[in-house]
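**Student:** CSV, C-alpha atoms, saved as work18.csv, coming up:
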chain,number,residue,atom,x,y,z
A,54,MET,CA,6.2,-15.5,-19.4
A,55,LYS,CA,7.4,-18.9,-18.4
A,56,THR,CA,10.4,-19.3,-16.1
A,57,LYS,CA,12.6,-22.0,-14.7
A,58,ILE,CA,12.5,-20.4,-11.2
A,59,PRO,CA,10.5,-23.2,-9.6
A,60,GLU,CA,12.9,-25.9,-10.8
A,61,LEU,CA,15.9,-23.9,-9.9
A,62,ARG,CA,14.5,-23.2,-6.4
A,63,LYS,CA,13.7,-26.8,-5.7
A,64,ALA,CA,17.2,-27.9,-6.9
A,65,ARG,CA,18.7,-25.6,-4.2
A,66,LYS,CA,16.0,-26.4,-1.6
A,67,LEU,CA,14.9,-22.8,-1.4
A,68,THR,CA,11.6,-21.5,-0.4
A,69,GLN,CA,9.9,-18.6,-2.2
A,70,GLU,CA,10.4,-16.5,0.9
A,71,GLU,CA,14.1,-17.1,1.0
A,72,LEU,CA,14.5,-16.3,-2.7
A,73,ALA,CA,12.4,-13.2,-2.3
A,74,HIS,CA,14.5,-12.0,0.7
A,75,ALA,CA,17.8,-12.7,-1.3
A,76,VAL,CA,16.8,-10.7,-4.3
A,77,GLY,CA,15.0,-7.9,-2.4
A,78,THR,CA,11.4,-8.5,-3.3
A,79,THR,CA,8.3,-10.0,-1.7
A,80,ARG,CA,7.1,-13.6,-1.7
A,81,GLN,CA,4.0,-12.6,-3.5
A,82,THR,CA,6.0,-11.2,-6.4
A,83,ILE,CA,8.0,-14.4,-6.7
A,84,THR,CA,4.8,-16.4,-6.7
A,85,SER,CA,3.3,-14.2,-9.4
A,86,ILE,CA,6.5,-14.5,-11.5
A,87,GLU,CA,6.5,-18.3,-11.2
A,88,VAL,CA,2.9,-18.7,-12.3
A,89,GLY,CA,3.5,-16.3,-15.2
A,90,LYS,CA,1.0,-13.7,-14.0
A,91,TYR,CA,3.7,-11.0,-13.6
A,92,THR,CA,6.7,-10.3,-15.7
A,93,ALA,CA,9.7,-9.2,-13.7
A,94,SER,CA,11.4,-5.9,-14.6
A,95,LEU,CA,14.9,-6.0,-16.0
A,96,PRO,CA,16.7,-5.2,-12.7
A,97,LEU,CA,14.7,-7.9,-10.8
A,98,ALA,CA,15.2,-10.5,-13.6
A,99,TYR,CA,19.0,-9.7,-13.5
A,100,LYS,CA,19.1,-10.1,-9.7
A,101,ILE,CA,17.3,-13.5,-9.9
A,102,ALA,CA,19.5,-14.7,-12.7
A,103,ARG,CA,22.6,-13.6,-10.9
A,104,TYR,CA,21.5,-15.3,-7.7
A,105,PHE,CA,21.3,-18.6,-9.5
A,106,ASP,CA,24.6,-17.9,-11.4
A,107,LEU,CA,22.8,-18.0,-14.7
A,108,THR,CA,22.0,-15.6,-17.5
A,109,ILE,CA,18.5,-14.0,-17.8
A,110,GLU,CA,17.9,-16.1,-20.9
A,111,GLU,CA,18.6,-19.3,-19.0
A,112,VAL,CA,16.1,-18.4,-16.2
A,113,PHE,CA,13.3,-16.8,-18.3
A,114,ASP,CA,11.7,-18.4,-21.4
A,115,PHE,CA,11.4,-15.8,-24.2
A,116,SER,CA,10.1,-18.3,-26.8
A,117,ASP,CA,6.5,-17.0,-26.4
A,118,LEU,CA,7.5,-13.4,-27.3
A,119,GLU,CA,5.7,-12.2,-30.4
A,120,ASP,CA,7.7,-11.1,-33.4
A,121,ILE,CA,6.6,-7.7,-34.7
B,63,MET,CA,19.5,2.5,3.4
B,64,GLU,CA,20.7,5.7,5.1
B,65,ASN,CA,18.3,7.8,2.9
B,66,PHE,CA,15.5,5.4,3.8
B,67,LYS,CA,16.2,5.8,7.5
B,68,LYS,CA,16.1,9.6,7.1
B,69,LYS,CA,12.8,9.3,5.2
B,70,LEU,CA,11.4,7.1,8.0
B,71,ILE,CA,12.2,9.7,10.6
B,72,ARG,CA,10.7,12.5,8.5
B,73,ASN,CA,7.6,10.5,7.9
B,74,SER,CA,7.2,9.6,11.6
B,75,VAL,CA,7.5,13.3,12.6
B,76,VAL,CA,4.9,14.3,9.9
B,77,LEU,CA,2.5,11.6,10.9
B,78,GLY,CA,2.8,12.5,14.5
B,79,THR,CA,2.2,16.1,13.9
B,80,LEU,CA,-0.8,15.3,11.7
B,81,THR,CA,-2.2,13.0,14.4
B,82,LEU,CA,-2.0,15.7,17.0
B,83,LEU,CA,-3.5,18.4,14.7
B,84,PHE,CA,-6.3,16.1,13.8
B,85,ILE,CA,-7.2,15.3,17.4
B,86,ALA,CA,-7.1,19.0,18.3
B,87,ALA,CA,-9.3,20.0,15.4
B,88,ASN,CA,-11.8,17.3,16.2
B,89,ILE,CA,-12.0,18.3,19.9
B,90,ALA,CA,-12.4,22.0,18.8
B,91,LEU,CA,-15.2,21.1,16.5
B,92,PHE,CA,-17.0,19.1,19.2
B,93,ILE,CA,-16.8,21.9,21.7
B,94,PHE,CA,-17.3,25.0,19.6
B,95,ALA,CA,-19.5,24.0,16.7
B,96,THR,CA,-22.9,22.3,16.5
B,97,PRO,CA,-24.2,20.6,13.3
B,98,LYS,CA,-27.5,21.9,11.9
B,99,GLY,CA,-30.6,19.8,12.1
B,100,GLU,CA,-32.6,17.5,14.4
B,101,GLU,CA,-31.2,15.7,17.4
B,102,PHE,CA,-30.9,12.5,15.4
B,103,VAL,CA,-28.9,14.2,12.7
B,104,VAL,CA,-26.6,16.0,15.2
B,105,GLY,CA,-26.0,12.6,16.9
B,106,PHE,CA,-25.3,10.9,13.5
B,107,VAL,CA,-22.9,13.6,12.4
B,108,HIS,CA,-21.0,13.4,15.7
B,109,GLY,CA,-20.9,9.6,15.4
B,110,VAL,CA,-19.5,9.8,11.9
B,111,GLN,CA,-16.9,12.4,13.0
B,112,THR,CA,-15.9,10.2,16.0
B,113,GLY,CA,-15.6,7.1,13.8
B,114,LEU,CA,-13.5,8.8,11.2
B,115,ALA,CA,-11.3,10.4,13.8
B,116,LEU,CA,-10.8,7.1,15.6
B,117,VAL,CA,-9.9,5.2,12.4
B,118,LEU,CA,-7.5,7.8,11.2
B,119,VAL,CA,-5.8,8.2,14.6
B,120,ILE,CA,-5.4,4.4,15.0
B,121,TYR,CA,-4.0,4.2,11.4
B,122,LEU,CA,-1.5,7.0,12.0
B,123,VAL,CA,-0.4,5.6,15.4
B,124,VAL,CA,0.1,2.1,13.9
B,125,ARG,CA,2.2,3.6,11.0
B,126,ILE,CA,4.3,5.6,13.5
B,127,VAL,CA,4.9,2.6,15.7
B,128,LYS,CA,5.8,0.5,12.6
B,129,PHE,CA,8.3,3.1,11.3
B,130,THR,CA,9.9,3.7,14.7
B,131,SER,CA,10.3,0.0,15.5
B,132,ALA,CA,11.8,-0.7,12.1
B,133,TYR,CA,14.4,2.0,12.7
B,134,GLY,CA,16.0,0.0,15.5
B,135,SER,CA,16.5,-3.2,13.5
B,136,GLU,CA,18.4,-3.7,10.2
B,137,GLU,CA,16.3,-6.7,9.4
B,138,LYS,CA,13.0,-4.9,10.0
B,139,LEU,CA,14.3,-1.9,8.1
B,140,ARG,CA,15.1,-4.1,5.1
B,141,LYS,CA,11.7,-5.7,5.2
B,142,LEU,CA,9.9,-2.4,5.4
B,143,TYR,CA,12.0,-1.1,2.5
B,144,ILE,CA,11.2,-4.1,0.3
B,145,GLU,CA,7.5,-3.8,1.3
B,146,GLN,CA,7.4,-0.1,0.3
B,147,ASN,CA,9.4,-0.5,-2.9
B,148,ASP,CA,8.2,-3.8,-4.3
B,149,GLU,CA,7.7,-3.4,-8.0
B,150,ARG,CA,4.6,-5.6,-8.3
B,151,MET,CA,2.8,-3.6,-5.5
B,152,SER,CA,3.9,-0.3,-7.2
B,153,LEU,CA,2.4,-1.6,-10.5
B,154,ILE,CA,-0.8,-2.6,-8.7
B,155,ARG,CA,-1.0,0.9,-7.0
B,156,LEU,CA,-0.4,2.6,-10.4
B,157,HIS,CA,-3.1,0.6,-12.3
B,158,SER,CA,-5.7,0.7,-9.5
B,159,GLY,CA,-5.3,4.5,-9.1
B,160,SER,CA,-4.7,3.9,-5.4
B,161,PHE,CA,-3.1,7.3,-4.6
B,162,PRO,CA,-5.7,9.6,-6.4
B,163,LEU,CA,-8.6,7.6,-5.1
B,164,THR,CA,-7.3,7.7,-1.6
B,165,ILE,CA,-6.9,11.5,-1.9
B,166,ALA,CA,-10.5,11.6,-3.3
B,167,VAL,CA,-11.9,9.6,-0.3
B,168,CYS,CA,-10.1,11.9,2.2
B,169,VAL,CA,-11.3,15.1,0.5
B,170,LEU,CA,-14.9,13.8,0.3
B,171,ALA,CA,-14.8,12.7,4.0
B,172,GLY,CA,-13.4,16.1,5.1
B,173,ALA,CA,-15.9,18.0,2.9
B,174,ALA,CA,-18.7,15.9,4.4
B,175,VAL,CA,-17.6,16.7,8.0
B,176,ILE,CA,-17.5,20.5,7.1
B,177,ALA,CA,-20.8,20.4,5.2
B,178,ALA,CA,-22.5,18.9,8.2
B,179,TYR,CA,-22.4,22.3,9.9
B,180,PHE,CA,-24.2,24.0,7.0
B,181,ASN,CA,-26.5,21.5,5.2
B,182,THR,CA,-27.3,17.9,6.2
B,183,THR,CA,-28.5,16.9,2.7
B,184,VAL,CA,-25.0,17.8,1.4
B,185,PHE,CA,-23.4,16.0,4.3
B,186,PHE,CA,-25.3,12.7,3.5
B,187,THR,CA,-24.6,13.1,-0.2
B,188,LEU,CA,-20.9,13.6,0.3
B,189,LEU,CA,-20.8,10.7,2.8
B,190,GLY,CA,-22.5,8.4,0.3
B,191,ALA,CA,-20.0,9.5,-2.5
B,192,CYS,CA,-17.1,8.9,-0.1
B,193,TYR,CA,-18.5,5.4,0.7
B,194,PHE,CA,-18.9,4.4,-3.0
B,195,VAL,CA,-15.4,5.8,-4.0
B,196,SER,CA,-13.9,3.7,-1.2
B,197,LEU,CA,-15.8,0.6,-2.4
B,198,PHE,CA,-14.6,1.2,-6.0
B,199,SER,CA,-11.0,1.7,-4.9
B,200,SER,CA,-11.1,-1.5,-2.9
B,201,ALA,CA,-12.6,-3.4,-5.9
B,202,MET,CA,-9.9,-2.0,-8.2
B,203,LYS,CA,-7.1,-3.1,-5.8
B,204,PHE,CA,-8.6,-6.6,-5.4
B,205,TYR,CA,-8.9,-6.9,-9.2
B,206,TYR,CA,-5.3,-5.9,-9.9
B,207,ARG,CA,-3.9,-8.0,-7.1
B,208,ASN,CA,-5.4,-11.0,-8.7
B,209,LYS,CA,-4.4,-9.9,-12.2
B,210,PHE,CA,-0.7,-9.5,-11.3
Can the structure in the file be given as structure tokens, please?
**Tutor:**
Amino acid sequence: MKTKIPELRKARKLTQEELAHAVGTTRQTITSIEVGKYTASLPLAYKIARYFDLTIEEVFDFSDLEDI
Amino acid sequence: MENFKKKLIRNSVVLGTLTLLFIAANIALFIFATPKGEEFVVGFVHGVQTGLALVLVIYLVVRIVKFTSAYGSEEKLRKLYIEQNDERMSLIRLHSGSFPLTIAVCVLAGAAVIAAYFNTTVFFTLLGACYFVSLFSSAMKFYYRNKF
């Protein structure tokens, strides 16, 4: 899943470590989310979106989700 | 965080007790029991026992020190909490079967040590099985760390 986290981080001059510390996860998890290897759980997605004062839909790109 | 602190204390006490019990059991085995077989086999078995004991004791002591040092600092406590509860690592552990495979390795190693006092063929077989299960477990962890 694509995300806007790298751009949002760079706009606020945040490192992955600082963002990870702020939302209560590890730097490796943030890296995996940014490269699309790992999809964040709902609580973590909410924490990240809340940290940037945005909604989940504004941070995470759901356009690739398949319609059943 | 208070519950986590209590959990840390409880884990430190359990690990400390296990370490002491393990050292005592190992010393008792060395003094009171002799593995069956030739001199080379007896030496090999004692070597394996010593190696396993050393690795386990060092691992347990490092964990105890990590837990007790984290208890004194809020920042270290938070870091340890995040490390233990990180969702990606939990998913990796779940997919790689980390917990059951670790139990399997420990049981095989323990059985190998006990078997050494009865039949050396069984000892070497169990040791080989323990080794291959460890390799498999490491391979699974490596694969899922790269996948997620």
**Student:** Env of Gln81 (chain A): 12 Å cut, atoms = only C-alpha atoms, seq-sep filter 5 positions within chain, self excluded. Answer as a ChimeraX atom specification.
**Tutor:** /A:69-74,86-88,90-91 /B:144-145,148-151,207-208,210
**Student:** As JSON, please report the centre and edge lengths, rounded to one decimal in Å, of the axis-aligned box that holds all listed atoms of region 128-139 of chain B with 4 Å of padding on each of the six sides.
**Tutor:**
{"center_x": 12.1, "center_y": -1.5, "center_z": 11.8, "size_x": 20.6, "size_y": 18.4, "size_z": 15.4}
**Student:** Could you jot down the CA of Ala132 (chain B) to CA of Ile120 (chain B) separation for me, Å, one decimal place?
**Tutor:**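 Between these atoms lies a distance of 18.2 Å.
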**Student:** Any idea what the distance is between CA of Thr183 (chain B) and CA of Ser200 (chain B)?
**Tutor:** 25.9 Å
**Student:** Name all residues at most 10 Å from Leu118 (chain B) (count only C-alpha atoms; drop same-chain ones fewer than 5 positions away) and give them as a PDB file with C-alpha atoms, in the coordinates of the input.
**Tutor:**
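Below is the file that was written, around-v5.pdb:
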ATOM      1  CA  THR B  81      -2.200  13.000  14.400  1.00  0.00           C
ATOM      2  CA  PHE B  84      -6.300  16.100  13.800  1.00  0.00           C
ATOM      3  CA  ILE B  85      -7.200  15.300  17.400  1.00  0.00           C
ATOM      4  CA  THR B 112     -15.900  10.200  16.000  1.00  0.00           C
ATOM      5  CA  GLY B 113     -15.600   7.100  13.800  1.00  0.00           C
ATOM      6  CA  VAL B 123      -0.400   5.600  15.400  1.00  0.00           C
ATOM      7  CA  VAL B 124       0.100   2.100  13.900  1.00  0.00           C
TER       8      VAL B 124
END
**Student:** Under the rule that only C-alpha atoms are counted, which of B:Phe161, B:Phe94, B:Tyr121, B:Phe185 is the nearest residue to Val107 (chain B)?
**Tutor:** B:Phe185
**Student:** Which residues are near Pro59 (chain A)? Cut-off 12 Å, only C-alpha atoms, ignore same chain within fewer than 5 positions. Put them as a list in words.
**Tutor:**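 Once the nearby chain positions are removed, what remains is Ala64, Arg65, Lys66, Leu67, Thr68, Gln69, Leu72, Ile83, Thr84, Ser85, Ile86, Glu87, Val88, Gly89, Ile101, Phe105, Val112 and Phe113 of chain A.
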**Student:** Take the selection from the previous step and output its residues with C-alpha atoms, as an mmCIF file, keeping the file's coordinate frame.
**Tutor:**
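Result went into result.cif, see below:
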data_model
loop_
_atom_site.group_PDB
_atom_site.id
_atom_site.type_symbol
_atom_site.label_atom_id
_atom_site.label_comp_id
_atom_site.auth_asym_id
_atom_site.auth_seq_id
_atom_site.Cartn_x
_atom_site.Cartn_y
_atom_site.Cartn_z
ATOM 1 C CA ALA A 64 17.200 -27.900 -6.900
ATOM 2 C CA ARG A 65 18.700 -25.600 -4.200
ATOM 3 C CA LYS A 66 16.000 -26.400 -1.600
ATOM 4 C CA LEU A 67 14.900 -22.800 -1.400
ATOM 5 C CA THR A 68 11.600 -21.500 -0.400
ATOM 6 C CA GLN A 69 9.900 -18.600 -2.200
ATOM 7 C CA LEU A 72 14.500 -16.300 -2.700
ATOM 8 C CA ILE A 83 8.000 -14.400 -6.700
ATOM 9 C CA THR A 84 4.800 -16.400 -6.700
ATOM 10 C CA SER A 85 3.300 -14.200 -9.400
ATOM 11 C CA ILE A 86 6.500 -14.500 -11.500
ATOM 12 C CA GLU A 87 6.500 -18.300 -11.200
ATOM 13 C CA VAL A 88 2.900 -18.700 -12.300
ATOM 14 C CA GLY A 89 3.500 -16.300 -15.200
ATOM 15 C CA ILE A 101 17.300 -13.500 -9.900
ATOM 16 C CA PHE A 105 21.300 -18.600 -9.500
ATOM 17 C CA VAL A 112 16.100 -18.400 -16.200
ATOM 18 C CA PHE A 113 13.300 -16.800 -18.300
#
**Student:** Quick one: residues within 12 Å of Ala95 (chain B), all atoms listed in the file, excluding same-chain residues fewer than 5 positions away - as a PDB file with C-alpha atoms, keeping the file's coordinate frame?
**Tutor:**
ATOM      1  CA  ALA B  87      -9.300  20.000  15.400  1.00  0.00           C
ATOM      2  CA  ASN B  88     -11.800  17.300  16.200  1.00  0.00           C
ATOM      3  CA  ILE B  89     -12.000  18.300  19.900  1.00  0.00           C
ATOM      4  CA  ALA B  90     -12.400  22.000  18.800  1.00  0.00           C
ATOM      5  CA  VAL B 104     -26.600  16.000  15.200  1.00  0.00           C
ATOM      6  CA  VAL B 107     -22.900  13.600  12.400  1.00  0.00           C
ATOM      7  CA  HIS B 108     -21.000  13.400  15.700  1.00  0.00           C
ATOM      8  CA  VAL B 175     -17.600  16.700   8.000  1.00  0.00           C
ATOM      9  CA  ILE B 176     -17.500  20.500   7.100  1.00  0.00           C
ATOM     10  CA  ALA B 178     -22.500  18.900   8.200  1.00  0.00           C
ATOM     11  CA  TYR B 179     -22.400  22.300   9.900  1.00  0.00           C
ATOM     12  CA  PHE B 180     -24.200  24.000   7.000  1.00  0.00           C
TER      13      PHE B 180
END
**Student:** Suppose you want the space between CA of Arg103 (chain A) and CA of Ala75 (chain A); what is it in Å?
**Tutor:**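 Interatomic distance here is 10.8 Å.
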**Student:** Need the shell around His157 (chain B): protein/DNA/RNA residues with any atom at most 9 Å away, counting only C-alpha atoms. Skip same-chain ones fewer than 4 positions apart. Format as number ranges by chain?
**Tutor:** B: 152-153, 202-203, 206
**Student:** Nearest residue to Lys68 (chain B) out of B:Gln111, B:Thr96, B:Ser158, B:Thr130, using only C-alpha atoms?
**Tutor:** B:Thr130
**Student:** Please supply region 89-100 of chain A, rebuilt with all heavy atoms, as a short mmCIF file (atom, residue, chain, number, x, y, z; two decimals), in the coordinates of the input.
**Tutor:**
data_model
loop_
_atom_site.label_atom_id
_atom_site.label_comp_id
_atom_site.auth_asym_id
_atom_site.auth_seq_id
_atom_site.Cartn_x
_atom_site.Cartn_y
_atom_site.Cartn_z
N GLY A 89 3.55 -17.03 -13.91
CA GLY A 89 3.50 -16.30 -15.20
C GLY A 89 2.47 -15.17 -15.21
O GLY A 89 2.17 -14.62 -16.26
N LYS A 90 1.95 -14.79 -14.04
CA LYS A 90 1.00 -13.70 -14.00
C LYS A 90 1.70 -12.34 -14.09
O LYS A 90 1.14 -11.36 -14.56
CB LYS A 90 0.22 -13.72 -12.66
CG LYS A 90 -1.02 -14.54 -12.66
CD LYS A 90 -1.77 -14.33 -11.37
CE LYS A 90 -3.07 -15.07 -11.35
NZ LYS A 90 -3.78 -14.89 -10.08
N TYR A 91 2.92 -12.28 -13.58
CA TYR A 91 3.70 -11.00 -13.60
C TYR A 91 5.00 -11.22 -14.23
O TYR A 91 5.67 -12.22 -14.02
CB TYR A 91 3.84 -10.56 -12.09
CG TYR A 91 4.68 -9.32 -11.94
CD1 TYR A 91 4.17 -8.08 -12.33
CD2 TYR A 91 5.97 -9.37 -11.43
CE1 TYR A 91 4.95 -6.94 -12.21
CE2 TYR A 91 6.73 -8.23 -11.30
CZ TYR A 91 6.23 -7.02 -11.69
OH TYR A 91 6.98 -5.89 -11.58
N THR A 92 5.40 -10.22 -15.07
CA THR A 92 6.70 -10.30 -15.70
C THR A 92 7.67 -9.39 -14.95
O THR A 92 7.41 -8.19 -14.78
CB THR A 92 6.59 -9.79 -17.18
OG1 THR A 92 5.60 -10.60 -17.84
CG2 THR A 92 7.91 -9.93 -17.91
N ALA A 93 8.75 -9.98 -14.50
CA ALA A 93 9.70 -9.20 -13.70
C ALA A 93 10.35 -8.10 -14.54
O ALA A 93 10.51 -8.23 -15.77
CB ALA A 93 10.82 -10.14 -13.21
N SER A 94 10.70 -7.01 -13.87
CA SER A 94 11.40 -5.90 -14.60
C SER A 94 12.84 -6.38 -14.84
O SER A 94 13.29 -7.39 -14.28
CB SER A 94 11.44 -4.68 -13.66
OG SER A 94 12.24 -4.94 -12.53
N LEU A 95 13.55 -5.62 -15.67
CA LEU A 95 14.90 -6.00 -16.00
C LEU A 95 15.84 -6.09 -14.79
O LEU A 95 16.56 -7.09 -14.62
CB LEU A 95 15.49 -5.02 -17.05
CG LEU A 95 16.90 -5.30 -17.56
CD1 LEU A 95 17.00 -6.68 -18.20
CD2 LEU A 95 17.33 -4.22 -18.55
N PRO A 96 15.82 -5.10 -13.89
CA PRO A 96 16.70 -5.20 -12.70
C PRO A 96 16.36 -6.44 -11.85
O PRO A 96 17.27 -7.13 -11.38
CB PRO A 96 16.39 -3.93 -11.92
CG PRO A 96 15.89 -2.98 -12.91
CD PRO A 96 15.14 -3.78 -13.92
N LEU A 97 15.09 -6.74 -11.66
CA LEU A 97 14.70 -7.90 -10.80
C LEU A 97 15.09 -9.20 -11.54
O LEU A 97 15.61 -10.12 -10.91
CB LEU A 97 13.21 -7.88 -10.51
CG LEU A 97 12.72 -9.03 -9.62
CD1 LEU A 97 13.46 -9.03 -8.29
CD2 LEU A 97 11.22 -8.93 -9.36
N ALA A 98 14.86 -9.27 -12.86
CA ALA A 98 15.20 -10.50 -13.60
C ALA A 98 16.74 -10.69 -13.54
O ALA A 98 17.20 -11.83 -13.36
CB ALA A 98 14.81 -10.28 -15.09
N TYR A 99 17.49 -9.61 -13.62
CA TYR A 99 19.00 -9.70 -13.50
C TYR A 99 19.38 -10.22 -12.14
O TYR A 99 20.24 -11.08 -12.01
CB TYR A 99 19.59 -8.33 -13.80
CG TYR A 99 21.07 -8.30 -13.58
CD1 TYR A 99 21.94 -8.91 -14.47
CD2 TYR A 99 21.61 -7.67 -12.45
CE1 TYR A 99 23.31 -8.89 -14.25
CE2 TYR A 99 22.96 -7.66 -12.23
CZ TYR A 99 23.82 -8.26 -13.12
OH TYR A 99 25.17 -8.26 -12.90
N LYS A 100 18.73 -9.68 -11.08
CA LYS A 100 19.10 -10.10 -9.70
C LYS A 100 18.78 -11.59 -9.51
O LYS A 100 19.56 -12.32 -8.89
CB LYS A 100 18.26 -9.31 -8.68
CG LYS A 100 18.77 -7.92 -8.43
CD LYS A 100 17.90 -7.24 -7.39
CE LYS A 100 18.20 -5.77 -7.31
NZ LYS A 100 17.27 -5.05 -6.45
#
